[in-house]
Amino acid sequence: MRPAFDESFFGHLNQACLAETGQPSRLYSFMERVIAITAIRGLLVVFERSATIILTLPIPIYAMLVRLIIGGARGLPSFAGVYLRALYYRGVIRKMESNVIIEQGVFIAFPENTTLKEFCFLDKNVIIMAKSVQIGRRVHIAPNVFISGGGAFRADDYSCIATGSQLITSTEILKGGARCSGPMVSADQRNVHRGQVVLEKDAFVGAGATILTDVVIAQGSVVGGGVTVARSTEAWGVYAGTKPALIGMREKVKHPDN
């Protein structure tokens, strides 16, 4: 088991610092060197495993207080809250790799059915209600994104969802005289379809967009801000307008995966 944040994470931060300021950070450089030392990594892993066990003890009142404190702990640029959430969620999420950032106010309804891969970033106040969740490497889900419940959600590597977007994983089907007013109607009066929303590799969803059930945002395609998408897109296509239309093609990504 690797630490919650290892030397590759601090190397990533240092690259960003160098790009922005022209100089590496002494702190990040120090952390990168220290965590790479085998003995220190081992001690850190033992500490983190113990902390995770303590944070996830199934004691009702204690567990509620821990969730409140950890969920509300200040996020970036402060690292303490991010680190505490990493330790906590490692104990409740089905599979969570190293170097995952979970920000303040994030809510995951079914952590036991959730997979978070390395370097994914769930930003402030992201709400994920889907029953099955797979989020790939280097995915960013920006603040205030809402992923509705009932169905499945998958975001492949390097995909991104911008601020305030909504992804609908299940819906009420208006056939056969069914009611559509939601879960407080008796089950025999509803016609619910539990589907999925998929973002393929390098896909991008713009700010305030809405992605409806059973839509696949194909590899590299771009959905413009405020667009409602009811049909799957073409790979590398760019979609915009109140009635979303293919308005062009995006240049394919030239960088290697890392």
# chains A, B, ... in the order shown; residues from 1 in each chain; ligands from 1

call {"tool": "residues_around", "arguments": {"residues": "region 35-40 of chain A", "least_positions_apart": "2", "cutoff": "12 Å", "atoms": "only C-alpha atoms", "output": "JSON, numbers by chain"}}
result
{"A": [2, 3, 4, 5, 6, 7, 8, 9, 10, 11, 28, 29, 30, 31, 32, 33, 42, 43, 44, 45, 46, 47]}

call {"tool": "write_last_selection", "arguments": {"atoms": "C-alpha atoms", "output": "JSON list (two decimals), in the first residue's frame"}}
result
[["chain", "number", "residue", "atom", "x", "y", "z"],
["A", 2, "ARG", "CA", 1.31, 3.45, -0.93],
["A", 3, "PRO", "CA", 0.96, 6.60, 1.18],
["A", 4, "ALA", "CA", -2.10, 8.76, 0.62],
["A", 5, "PHE", "CA", 0.19, 11.27, -1.10],
["A", 6, "ASP", "CA", 3.58, 10.07, -2.32],
["A", 7, "GLU", "CA", 6.62, 11.66, -3.96],
["A", 8, "SER", "CA", 4.91, 11.80, -7.38],
["A", 9, "PHE", "CA", 2.24, 14.09, -5.91],
["A", 10, "PHE", "CA", 4.77, 16.57, -4.55],
["A", 11, "GLY", "CA", 6.67, 16.30, -7.82],
["A", 28, "TYR", "CA", 7.73, 20.38, -2.22],
["A", 29, "SER", "CA", 11.27, 19.40, -3.18],
["A", 30, "PHE", "CA", 11.98, 18.36, 0.41],
["A", 31, "MET", "CA", 8.78, 16.32, 0.66],
["A", 32, "GLU", "CA", 9.47, 14.66, -2.69],
["A", 33, "ARG", "CA", 12.92, 13.53, -1.52],
["A", 42, "GLY", "CA", 6.97, 2.38, 5.42],
["A", 43, "LEU", "CA", 6.49, 4.34, 8.64],
["A", 44, "LEU", "CA", 4.09, 6.71, 6.91],
["A", 45, "VAL", "CA", 1.98, 3.83, 5.58],
["A", 46, "VAL", "CA", 1.75, 2.29, 9.08],
["A", 47, "PHE", "CA", 0.70, 5.64, 10.55]]

call {"tool": "residues_around", "arguments": {"residues": "Ser221 (chain A)", "least_positions_apart": "3", "cutoff": "9 Å", "atoms": "only C-alpha atoms", "output": "list in words"}}
result
Glu200, Asp202, Ala203, Phe204, Val205, Ile217, Ala218, Thr233, Glu234, Ala235, Trp236, Gly237, Val238, Tyr239, Met249 and Arg250 of chain A

call {"tool": "residues_around", "arguments": {"residues": "region 83-86 of chain A", "least_positions_apart": "6", "cutoff": "10 Å", "atoms": "only C-alpha atoms", "output": "ChimeraX atom specification"}}
result
/A:3-5,48,51-52,55,67,69-73,75,96-104,106

call {"tool": "residues_around", "arguments": {"residues": "Ser148 (chain A)", "least_positions_apart": "6", "cutoff": "9 Å", "atoms": "only C-alpha atoms", "output": "CSV table (one decimal) with C-alpha atoms, in the first residue's frame"}}
result
chain,number,residue,atom,x,y,z
A,127,ILE,CA,-22.3,15.7,-5.0
A,128,ILE,CA,-22.3,12.1,-6.4
A,129,MET,CA,-25.5,10.2,-5.9
A,130,ALA,CA,-25.0,7.5,-8.6
A,166,GLN,CA,-25.5,18.2,-13.9
A,167,LEU,CA,-25.3,14.6,-15.0
A,168,ILE,CA,-28.5,12.6,-14.8
A,169,THR,CA,-28.0,8.8,-14.4
A,170,SER,CA,-31.6,7.8,-14.1

call {"tool": "closest_atom_pairs", "arguments": {"of": "region 194-219 of chain A", "to": "region 173-182 of chain A", "cutoff": "12 Å", "atoms": "only C-alpha atoms", "output": "CSV"}}
result
residue,atom,partner,partner_atom,distance
A:Arg194,CA,A:Ile173,CA,10.1
A:Gly195,CA,A:Ile173,CA,11.6
A:Thr213,CA,A:Ile173,CA,11.0

call {"tool": "select_by_dssp", "arguments": {"residues": "region 68-246 of chain A", "states": "strand (DSSP E or B)", "output": "MDAnalysis selection string"}}
result
chainID A and resid 95:96 101:102 107:108 114:116 121:122 127:128 132:135 140:141 146:147 152:155 160:161 166:167 170:172 179 190 192:194 196:199 204:205 210:211 215:217 222:223 228:229 237:240 245:246

call {"tool": "select_by_dssp", "arguments": {"residues": "region 17-108 of chain A", "states": "helix (DSSP H, G or I)", "output": "MDAnalysis selection string"}}
result
chainID A and resid 17:21 26:35 38:55 60:72 80:90

call {"tool": "write_last_selection", "arguments": {"atoms": "C-alpha atoms", "output": "compact mmCIF listing (two decimals), in the first residue's frame"}}
result
# COMPACT_ATOMS: atom_id res chain seq x y z
CA CYS A 17 5.10 25.84 -9.05
CA LEU A 18 8.00 25.94 -11.50
CA ALA A 19 5.66 26.68 -14.42
CA GLU A 20 3.91 29.51 -12.55
CA THR A 21 6.80 31.17 -10.70
CA ARG A 26 11.79 24.13 -1.39
CA LEU A 27 9.04 22.50 0.65
CA TYR A 28 7.73 20.38 -2.22
CA SER A 29 11.27 19.40 -3.18
CA PHE A 30 11.98 18.36 0.41
CA MET A 31 8.78 16.32 0.66
CA GLU A 32 9.47 14.66 -2.69
CA ARG A 33 12.92 13.53 -1.52
CA VAL A 34 11.87 12.45 1.97
CA ILE A 35 8.83 10.36 0.99
CA THR A 38 11.83 3.47 1.71
CA ALA A 39 11.99 3.47 5.53
CA ILE A 40 10.03 6.72 5.81
CA ARG A 41 7.43 5.51 3.30
CA GLY A 42 6.97 2.38 5.42
CA LEU A 43 6.49 4.34 8.64
CA LEU A 44 4.09 6.71 6.91
CA VAL A 45 1.98 3.83 5.58
CA VAL A 46 1.75 2.29 9.08
CA PHE A 47 0.70 5.64 10.55
CA GLU A 48 -1.90 6.21 7.84
CA ARG A 49 -3.41 2.74 8.19
CA SER A 50 -3.78 3.29 11.92
CA ALA A 51 -5.29 6.75 11.42
CA THR A 52 -7.76 5.39 8.85
CA ILE A 53 -8.92 2.68 11.27
CA ILE A 54 -9.44 5.28 14.02
CA LEU A 55 -11.27 7.71 11.72
CA PRO A 60 -22.63 5.99 15.74
CA ILE A 61 -22.15 9.40 17.40
CA TYR A 62 -18.38 9.34 16.91
CA ALA A 63 -18.76 8.42 13.23
CA MET A 64 -21.23 11.27 12.67
CA LEU A 65 -18.90 13.80 14.30
CA VAL A 66 -15.93 12.56 12.25
CA ARG A 67 -17.90 12.95 9.01
CA LEU A 68 -18.95 16.49 9.97
CA ILE A 69 -15.44 17.57 10.93
CA ILE A 70 -13.70 15.96 7.97
CA GLY A 71 -16.29 17.06 5.42
CA GLY A 72 -16.05 20.67 6.57
CA ALA A 80 -4.63 19.49 6.27
CA GLY A 81 -8.27 18.99 5.29
CA VAL A 82 -7.33 17.30 2.02
CA TYR A 83 -5.04 14.91 3.89
CA LEU A 84 -7.63 14.05 6.55
CA ARG A 85 -10.24 13.32 3.87
CA ALA A 86 -7.79 11.10 2.00
CA LEU A 87 -7.18 9.05 5.16
CA TYR A 88 -10.90 8.82 5.93
CA TYR A 89 -12.15 7.95 2.45
CA ARG A 90 -9.49 5.28 2.04

call {"tool": "atom_distance", "arguments": {"atom1": "CA of Lys254 (chain A)", "atom2": "CA of Tyr158 (chain A)"}}
result
12.8 Å

call {"tool": "closest_residue", "arguments": {"among": "A:Ala16, A:Leu57, A:Val215, A:Val92", "to": "Ile108 (chain A)", "atoms": "only C-alpha atoms"}}
result
A:Val92

call {"tool": "atom_distance", "arguments": {"atom1": "CA of Leu13 (chain A)", "atom2": "CA of Val145 (chain A)"}}
result
24.4 Å
